[in-house]
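Accompanying notes for the structure given below.
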Amino acid sequence: MNTPVTVVGLGLMGKALAAELARNDYPTTAWNRSVTEVPEGVTRLASVAESSPTMVVCLSTYEVMYEVLATADLRGHTVINLTSGTPGEARKAAAWAAGQGAAYLDGAIMAVPQMIGLPQAQLFYGGPADLFESCAPMLRVFGGATVHLAEDPGVPLLYDLALLAILYAAGQGLAHAQALVATAGVSATQFQPYANAWLTHVIGPMAGPENARAVDEGEHATDVSNINTNALAIGHVVRASRDAALPVDWLLAQQARLEQAVADGYGADSPTRLLDYLTEETR
Ligand code: NDP
């Protein structure tokens with residue numbers, strides 16, 4: 001028989017996790033603060049204190065997690081926390097759980113609820129490797145790409161936030177692009193195939209192995225598109241956006257880095273060199 005599991009938190013994501021556990025024949029119980037629909041095959045608990053020894057926690061914040069778990073005796077429990085936050089919050093929670101006598105894995109879900117259980121759902125875990133291995137058969141029901149990244153419980157959320165940084169930059173760029181074309185009466189629907197092709201064939205490959213190698217090895221020669229060209233191009237975007245009365249603040253930092261790199265004599269290099277400027281700014 002599969003290990004019984006309790007899901008703590010039946011929000012949009014918690015419901016999907018509980019439903020997937022039940023679908024895969026894990027005896028599943030669940031607790032939620034407010035009365036909400038419980039997925040098929042899942043039994044509602046009246047209090048967190050009734051939890052099974054294995055708990056999957058999916059609440060809105062770490063503060064909420066502390067508040068909710070304070071109502072239970074966690075000695076001998078395994079807490080798998082899939083609540084989003086920062087790497088620092090994850091490390092603090094791991095130390096806190098150890099103090100409560102609980103084994104702890106921190107995780108990050110790189111998927112929306114509708115993707116839970118599908119091969120393309122990525123879930124990252126951090127914490128003791130042997131603990132992950134013992135939980136892995138159960139954790140793999142959540143997604144095909146279930147990975148233990150590190151013993152450091154902060155690493156999954158570090159990856160999560162790094163990927164979200166890409167998401168928010170792309171989202172900002174897409175919204176700006178839609179606002180720009182709208183100045184000529186072009187709808188988002190008319191523009192969509194071109195935006196999609198651009199993201200698929202130009203932006204996606206930017207995260208390919210050549211980019212990673214260039215960054216890791218500091219090898220920035222390019223025969224594709226150099227810093228000179230991009231410094232001019234971003235200038236065109238900034239000027240056209242100002243003409244259209246669109247905000248350009250989010251573009252100016254990148255424009256300044258490109259122009260500084262040109263001034264420093266790196267105009268013929270790939271924009272991969274800009275990472276050096278970014279890390280200098282944070283020093
Ligand atoms: P929801 O807002 O749907 O659910 C939030 C959950 O937290 C609910 O169970 C809610 O209970 C509970 N909660 C909030 N405040 C309190 C409190 N003070 N005391 C007790 N319980 C509380 O969010 P999601 O389910 O979408 O997200 C949950 C976590 O999963 C978040 O950390 C989120 O970042 C992460 N996640 C979500 C993704 C998504 O696409 N939805 C994707 C990847 C990660 P109640 O029902 O009573 O309000």
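Identifiers for the structure tokens are assigned positionally: chains receive A, B, ... in sequence, residues are indexed from 1 per chain, and ligands are indexed from 1 in the order shown.
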Enumerate residues in contact with ligand 1: an atom-to-atom distance of at most 7 Å, counting only C-alpha atoms and all ligand atoms. Format the result as a list of chain:residue names.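 The residues near ligand 1 are A:Gly9, A:Leu10, A:Gly11, A:Leu12, A:Met13, A:Gly14, A:Asn32, A:Arg33, A:Ser34, A:Val35, A:Thr36, A:Cys58, A:Leu59, A:Ser60, A:Thr61, A:Val64, A:Glu67, A:Val68, A:Leu82, A:Thr83, A:Ser84, A:Gly85, A:Ala108, A:Ile109, A:Met110, A:Ala111, A:Val112, A:Pro113.
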Only N, CA and C atoms, please: the residues just picked out, written as an mmCIF file, in the first residue's frame.
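Everything below was put into selection38.cif:
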```
data_model
loop_
_atom_site.group_PDB
_atom_site.id
_atom_site.type_symbol
_atom_site.label_atom_id
_atom_site.label_comp_id
_atom_site.auth_asym_id
_atom_site.auth_seq_id
_atom_site.Cartn_x
_atom_site.Cartn_y
_atom_site.Cartn_z
ATOM 1 N N GLY A 9 -3.397 22.790 2.895
ATOM 2 C CA GLY A 9 -3.650 23.917 1.982
ATOM 3 C C GLY A 9 -4.348 23.411 0.736
ATOM 4 N N LEU A 10 -5.615 23.765 0.581
ATOM 5 C CA LEU A 10 -6.373 23.348 -0.607
ATOM 6 C C LEU A 10 -6.760 24.560 -1.432
ATOM 7 N N GLY A 11 -5.740 25.385 -1.730
ATOM 8 C CA GLY A 11 -5.960 26.458 -2.699
ATOM 9 C C GLY A 11 -5.942 25.843 -4.090
ATOM 10 N N LEU A 12 -5.752 26.678 -5.091
ATOM 11 C CA LEU A 12 -5.772 26.172 -6.472
ATOM 12 C C LEU A 12 -4.733 25.079 -6.656
ATOM 13 N N MET A 13 -3.528 25.312 -6.122
ATOM 14 C CA MET A 13 -2.456 24.331 -6.313
ATOM 15 C C MET A 13 -2.616 23.131 -5.387
ATOM 16 N N GLY A 14 -2.934 23.388 -4.113
ATOM 17 C CA GLY A 14 -3.087 22.286 -3.163
ATOM 18 C C GLY A 14 -4.146 21.289 -3.626
ATOM 19 N N ASN A 32 -7.715 22.385 5.168
ATOM 20 C CA ASN A 32 -7.716 23.759 4.658
ATOM 21 C C ASN A 32 -8.413 24.661 5.671
ATOM 22 N N ARG A 33 -7.931 25.921 5.761
ATOM 23 C CA ARG A 33 -8.501 26.861 6.740
ATOM 24 C C ARG A 33 -10.002 27.026 6.544
ATOM 25 N N SER A 34 -10.400 27.355 5.335
ATOM 26 C CA SER A 34 -11.834 27.581 5.099
ATOM 27 C C SER A 34 -12.427 26.335 4.447
ATOM 28 N N VAL A 35 -13.710 26.225 4.540
ATOM 29 C CA VAL A 35 -14.374 25.075 3.929
ATOM 30 C C VAL A 35 -14.331 25.264 2.422
ATOM 31 N N THR A 36 -13.823 24.270 1.758
ATOM 32 C CA THR A 36 -13.722 24.342 0.307
ATOM 33 C C THR A 36 -13.968 22.939 -0.225
ATOM 34 N N CYS A 58 1.149 23.353 0.979
ATOM 35 C CA CYS A 58 1.071 24.294 -0.151
ATOM 36 C C CYS A 58 0.170 25.449 0.255
ATOM 37 N N LEU A 59 0.773 26.430 0.922
ATOM 38 C CA LEU A 59 0.031 27.585 1.438
ATOM 39 C C LEU A 59 0.530 28.846 0.742
ATOM 40 N N SER A 60 -0.105 29.968 1.039
ATOM 41 C CA SER A 60 0.239 31.173 0.276
ATOM 42 C C SER A 60 1.630 31.723 0.607
ATOM 43 N N THR A 61 2.057 31.668 1.893
ATOM 44 C CA THR A 61 3.377 32.206 2.265
ATOM 45 C C THR A 61 3.997 31.359 3.384
ATOM 46 N N VAL A 64 2.306 32.035 6.744
ATOM 47 C CA VAL A 64 1.087 31.235 6.909
ATOM 48 C C VAL A 64 1.458 29.793 7.282
ATOM 49 N N GLU A 67 2.252 29.598 10.920
ATOM 50 C CA GLU A 67 1.007 29.753 11.687
ATOM 51 C C GLU A 67 0.213 28.432 11.700
ATOM 52 N N VAL A 68 0.109 27.809 10.529
ATOM 53 C CA VAL A 68 -0.709 26.598 10.395
ATOM 54 C C VAL A 68 -0.024 25.398 11.054
ATOM 55 N N LEU A 82 5.847 22.996 -0.402
ATOM 56 C CA LEU A 82 5.821 23.501 -1.787
ATOM 57 C C LEU A 82 5.296 24.938 -1.855
ATOM 58 N N THR A 83 5.338 25.610 -0.713
ATOM 59 C CA THR A 83 4.921 27.016 -0.653
ATOM 60 C C THR A 83 6.011 27.883 -1.290
ATOM 61 N N SER A 84 5.619 28.896 -2.042
ATOM 62 C CA SER A 84 6.616 29.776 -2.685
ATOM 63 C C SER A 84 7.142 30.826 -1.717
ATOM 64 N N GLY A 85 8.383 31.215 -1.912
ATOM 65 C CA GLY A 85 8.996 32.262 -1.088
ATOM 66 C C GLY A 85 10.402 32.519 -1.593
ATOM 67 N N ALA A 108 9.832 23.602 -5.206
ATOM 68 C CA ALA A 108 9.286 24.680 -6.037
ATOM 69 C C ALA A 108 8.555 24.042 -7.207
ATOM 70 N N ILE A 109 7.366 24.558 -7.468
ATOM 71 C CA ILE A 109 6.540 24.013 -8.550
ATOM 72 C C ILE A 109 6.615 24.953 -9.745
ATOM 73 N N MET A 110 7.171 24.467 -10.827
ATOM 74 C CA MET A 110 7.240 25.305 -12.029
ATOM 75 C C MET A 110 6.141 24.859 -12.997
ATOM 76 N N ALA A 111 4.930 25.013 -12.539
ATOM 77 C CA ALA A 111 3.775 24.554 -13.333
ATOM 78 C C ALA A 111 2.531 25.214 -12.779
ATOM 79 N N VAL A 112 1.502 25.292 -13.580
ATOM 80 C CA VAL A 112 0.198 25.749 -13.090
ATOM 81 C C VAL A 112 -0.586 24.499 -12.668
ATOM 82 N N PRO A 113 -1.662 24.670 -11.869
ATOM 83 C CA PRO A 113 -2.365 23.497 -11.360
ATOM 84 C C PRO A 113 -2.795 22.513 -12.458
#
```
Would you kindly return, as a list in words, each protein, DNA or RNA residue with an atom no farther than 9 Å from any atom of A:Asn228, considering only C-alpha atoms and excluding same-chain residues fewer than 5 positions away?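 Once the adjacent positions are removed, what remains is Ala233, Leu258, Glu259, Ala261, Val262, Tyr266, Gly267, Ala268 and Asp269 of chain A.
Proximity of A:Asp73, A:Glu63, A:Glu151, A:Asp160 to A:Phe124, computed with only C-alpha atoms, is greatest for A:Asp160.
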Could you list, as a ChimeraX atom specification, every residue within 12 Å of A:Ile227, counting only C-alpha atoms and ignoring same-chain residues fewer than 3 positions away? /A:220-224,230-234,254-274
To test your reading of the structure, identify every residue in stretch 249-278 of chain A that backbone DSSP assigns to alpha helix (DSSP H), and report it as a short mmCIF file (atom, residue, chain, number, x, y, z; two decimals) with C-alpha atoms, in the first residue's frame.
```cif
data_model
loop_
_atom_site.label_atom_id
_atom_site.label_comp_id
_atom_site.auth_asym_id
_atom_site.auth_seq_id
_atom_site.Cartn_x
_atom_site.Cartn_y
_atom_site.Cartn_z
CA ASP A 249 12.17 53.14 -17.58
CA TRP A 250 12.43 49.32 -17.78
CA LEU A 251 14.56 49.64 -20.95
CA LEU A 252 16.96 52.33 -19.76
CA ALA A 253 19.11 50.18 -17.47
CA GLN A 254 19.77 47.71 -20.30
CA GLN A 255 20.43 50.55 -22.74
CA ALA A 256 22.97 52.05 -20.31
CA ARG A 257 24.77 48.69 -19.98
CA LEU A 258 24.93 48.26 -23.75
CA GLU A 259 26.27 51.79 -24.23
CA GLN A 260 28.82 51.34 -21.44
CA ALA A 261 30.02 48.11 -23.05
CA VAL A 262 30.45 49.96 -26.37
CA ALA A 263 32.38 52.72 -24.57
CA LEU A 274 26.49 42.14 -20.22
CA LEU A 275 26.26 39.70 -17.31
CA ASP A 276 29.63 41.12 -16.13
CA TYR A 277 28.06 44.60 -15.97
CA LEU A 278 25.02 43.29 -14.10
#
```
For a test of reading the model, state the distance in Å between atom CA of A:Glu210 and atom CA of A:Ser225, rounded to one decimal. 13.6 Å
Kindly indicate which residue among A:Met206, A:Leu123, A:Ala245, A:Ala165 lies nearest to A:Thr146, using only C-alpha atoms for the distances.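 Checking each of A:Met206, A:Leu123, A:Ala245, A:Ala165 against A:Thr146, counting only C-alpha atoms, the winner is A:Leu123.
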